[in-house]
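A short write-up of the structure that comes next.
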Amino acid sequence: MPLKMIGFLRASLIMYSSLLLFEATYLYNNRYEEQATNTLLMNQLEFVHITKTGGSAIEKVGAQHGILWGSCHWSNFTKLAAKIGLSKVGFGVGCNTPDFEYYNPKHILRSPWHNPPKFLKKYVKNSQNPYTNAELFAVIRNPYARIISEYYCPWAGFQAKYKKDIQRDKDPNDPVNLNLWAQKLVSTVKNATKEYKMRTKNGALTIEQIKSEYILAFNNFINQVEYVFDGDEVVIQHLIHYEDLGKEFDLLMKKFGINATLPSKKDSGVYTDKERKLTYRDLDSKTIKMINDFAQPDFEKFGYRMVEDTFGDEYSLRSTFITEL
């Protein structure tokens, strides 16, 4: 082969190698820049995980983009999977690098990511509170639909999948079981909320007091207004409707310059029960009235329509409350 041709091939090879190196460096820098940008922005925008409002899907998307939201501030899902006897890869929302200490207390701070922000403000140091100096967003949902999701929750629902040492001998898709369970939940949370407000009427409980109390140790079905408001103050500035979750989440991310989108529920659901068959239309009149009585502030503040004892064909779960993302 002529020397001229060899020189040409050598030069071409060097140029091609340089292009590959440039492309790899460009892609790496872009990815690094995205993660750095998202890390910076996560300190400006924090997610408040109201139970059964699609929050795990949001935490999962955050984890995929290097953002710690909700339970990811406290949880290592690899360790959690091992603890409850699971070895499934990708269990939970997929985050394993918490930045706050978590010791699974048996009191009001049992699941801090499910606590209303005003609770963390009262009982947690600013250095251990992700909401300090951040703008907050959350998802709101129709209480009738939300309690169905609570019922099928694998952590605290009926014959919960991840609870140990419980019998699972009843049909979860029997409306009788749904209504008995829902009535008990509403009654329990209502009494706990009433007791907590009575005990804190003259000021917050001390850390020593809440450690000895079981009041609101589980945050399931706490009224959503308890999260959004602290007295007359709005503490969660950005509210997303569950009924338009993907669309409104994407709009909020765009507003904050965060490069993240939420896939469909089919693709992004974390603890979705594919065997669930009951809906809010299976709630009986007694359960409906109990929900109306307890969750009336949610219906009124967030524009969800209450029914007296049954759902007509025209009933919609959608809210008339307009949010400003």
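So you can find residues: chains in the structure tokens are A, B, ... in the order shown, residues in each start at 1, and ligands are numbered from 1 in order.
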**Request:** Fewer than 2 positions away in the same chain doesn't count, so skip those; otherwise give me all residues within 9 Å of Ala295 (chain A), counting only C-alpha atoms, as a PyMOL selection string.
**Result:** chain A and resi 143+222-224+290-293+297-300
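With only C-alpha atoms as the atoms that count, the minimum distance from Gln209 (chain A) to the choices A:Val225, A:Tyr123, A:Asp165, A:Asn142 is reached by A:Tyr123.
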**Request:** Find the residue from A:Leu68, A:Tyr144, A:Phe119, A:Thr261 that sits nearest to Gln296 (chain A); use only C-alpha atoms when measuring.
**Result:** A:Tyr144
**Item:** DSSP strand (DSSP E) selection over region 48-263 of chain A, as an MDAnalysis selection string
**Value:** chainID A and resid 135:140 229:230 233:234 238:241
Got time to write the residues from that selection, N, CA, C and O atoms, as an mmCIF file, in the first residue's frame?
```
data_model
loop_
_atom_site.group_PDB
_atom_site.id
_atom_site.type_symbol
_atom_site.label_atom_id
_atom_site.label_comp_id
_atom_site.auth_asym_id
_atom_site.auth_seq_id
_atom_site.Cartn_x
_atom_site.Cartn_y
_atom_site.Cartn_z
ATOM 1 N N GLU A 135 -40.097 25.509 47.814
ATOM 2 C CA GLU A 135 -41.479 25.559 47.348
ATOM 3 C C GLU A 135 -41.984 24.125 47.295
ATOM 4 O O GLU A 135 -41.244 23.203 46.945
ATOM 5 N N LEU A 136 -43.251 23.941 47.616
ATOM 6 C CA LEU A 136 -43.796 22.594 47.746
ATOM 7 C C LEU A 136 -44.875 22.324 46.708
ATOM 8 O O LEU A 136 -45.620 23.222 46.319
ATOM 9 N N PHE A 137 -44.941 21.053 46.278
ATOM 10 C CA PHE A 137 -46.054 20.645 45.427
ATOM 11 C C PHE A 137 -46.608 19.318 45.925
ATOM 12 O O PHE A 137 -45.924 18.537 46.590
ATOM 13 N N ALA A 138 -47.880 19.084 45.633
ATOM 14 C CA ALA A 138 -48.558 17.860 46.049
ATOM 15 C C ALA A 138 -49.675 17.564 45.063
ATOM 16 O O ALA A 138 -50.021 18.399 44.222
ATOM 17 N N VAL A 139 -50.230 16.368 45.187
ATOM 18 C CA VAL A 139 -51.354 15.954 44.345
ATOM 19 C C VAL A 139 -52.591 15.845 45.230
ATOM 20 O O VAL A 139 -52.523 15.294 46.333
ATOM 21 N N ILE A 140 -53.722 16.375 44.757
ATOM 22 C CA ILE A 140 -54.986 16.239 45.476
ATOM 23 C C ILE A 140 -55.907 15.304 44.696
ATOM 24 O O ILE A 140 -55.796 15.186 43.476
ATOM 25 N N PHE A 229 -52.752 23.441 54.171
ATOM 26 C CA PHE A 229 -52.893 24.632 55.009
ATOM 27 C C PHE A 229 -52.288 24.417 56.394
ATOM 28 O O PHE A 229 -52.322 23.319 56.940
ATOM 29 N N ASP A 230 -51.764 25.502 56.943
ATOM 30 C CA ASP A 230 -51.375 25.562 58.353
ATOM 31 C C ASP A 230 -52.126 26.754 58.927
ATOM 32 O O ASP A 230 -51.683 27.896 58.807
ATOM 33 N N GLU A 233 -52.672 29.836 56.538
ATOM 34 C CA GLU A 233 -51.530 29.941 55.623
ATOM 35 C C GLU A 233 -51.492 28.760 54.651
ATOM 36 O O GLU A 233 -51.629 27.601 55.047
ATOM 37 N N VAL A 234 -51.319 29.068 53.376
ATOM 38 C CA VAL A 234 -51.139 28.030 52.360
ATOM 39 C C VAL A 234 -49.664 27.643 52.349
ATOM 40 O O VAL A 234 -48.803 28.470 52.045
ATOM 41 N N HIS A 238 -48.124 24.601 45.082
ATOM 42 C CA HIS A 238 -48.434 24.045 43.764
ATOM 43 C C HIS A 238 -49.222 22.744 43.935
ATOM 44 O O HIS A 238 -48.705 21.766 44.482
ATOM 45 N N LEU A 239 -50.471 22.743 43.470
ATOM 46 C CA LEU A 239 -51.337 21.575 43.600
ATOM 47 C C LEU A 239 -51.663 21.001 42.229
ATOM 48 O O LEU A 239 -52.034 21.723 41.304
ATOM 49 N N ILE A 240 -51.528 19.691 42.133
ATOM 50 C CA ILE A 240 -51.814 18.956 40.902
ATOM 51 C C ILE A 240 -53.058 18.109 41.131
ATOM 52 O O ILE A 240 -53.204 17.482 42.180
ATOM 53 N N HIS A 241 -53.960 18.086 40.161
ATOM 54 C CA HIS A 241 -55.135 17.222 40.258
ATOM 55 C C HIS A 241 -54.750 15.793 39.864
ATOM 56 O O HIS A 241 -54.142 15.581 38.811
#
```
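Taking CA of Leu262 (chain A) and CA of Gly246 (chain A) as endpoints, the distance between them is 5.4 Å.
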**Asked** Could you pull out all residues of region 238-320 of chain A with a DSSP call of alpha helix (DSSP H) and give them as number ranges by chain?
**Response** A: 245-256, 265-268, 285-302
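You can rank A:Ser285, A:Gln237, A:Thr310, A:Thr51 by their closest distance to Arg141 (chain A) using only C-alpha atoms, and at the top of that list sits A:Thr51.
Straight-line separation from CA of Gln159 (chain A) to CA of Leu178 (chain A): 11.0 Å.
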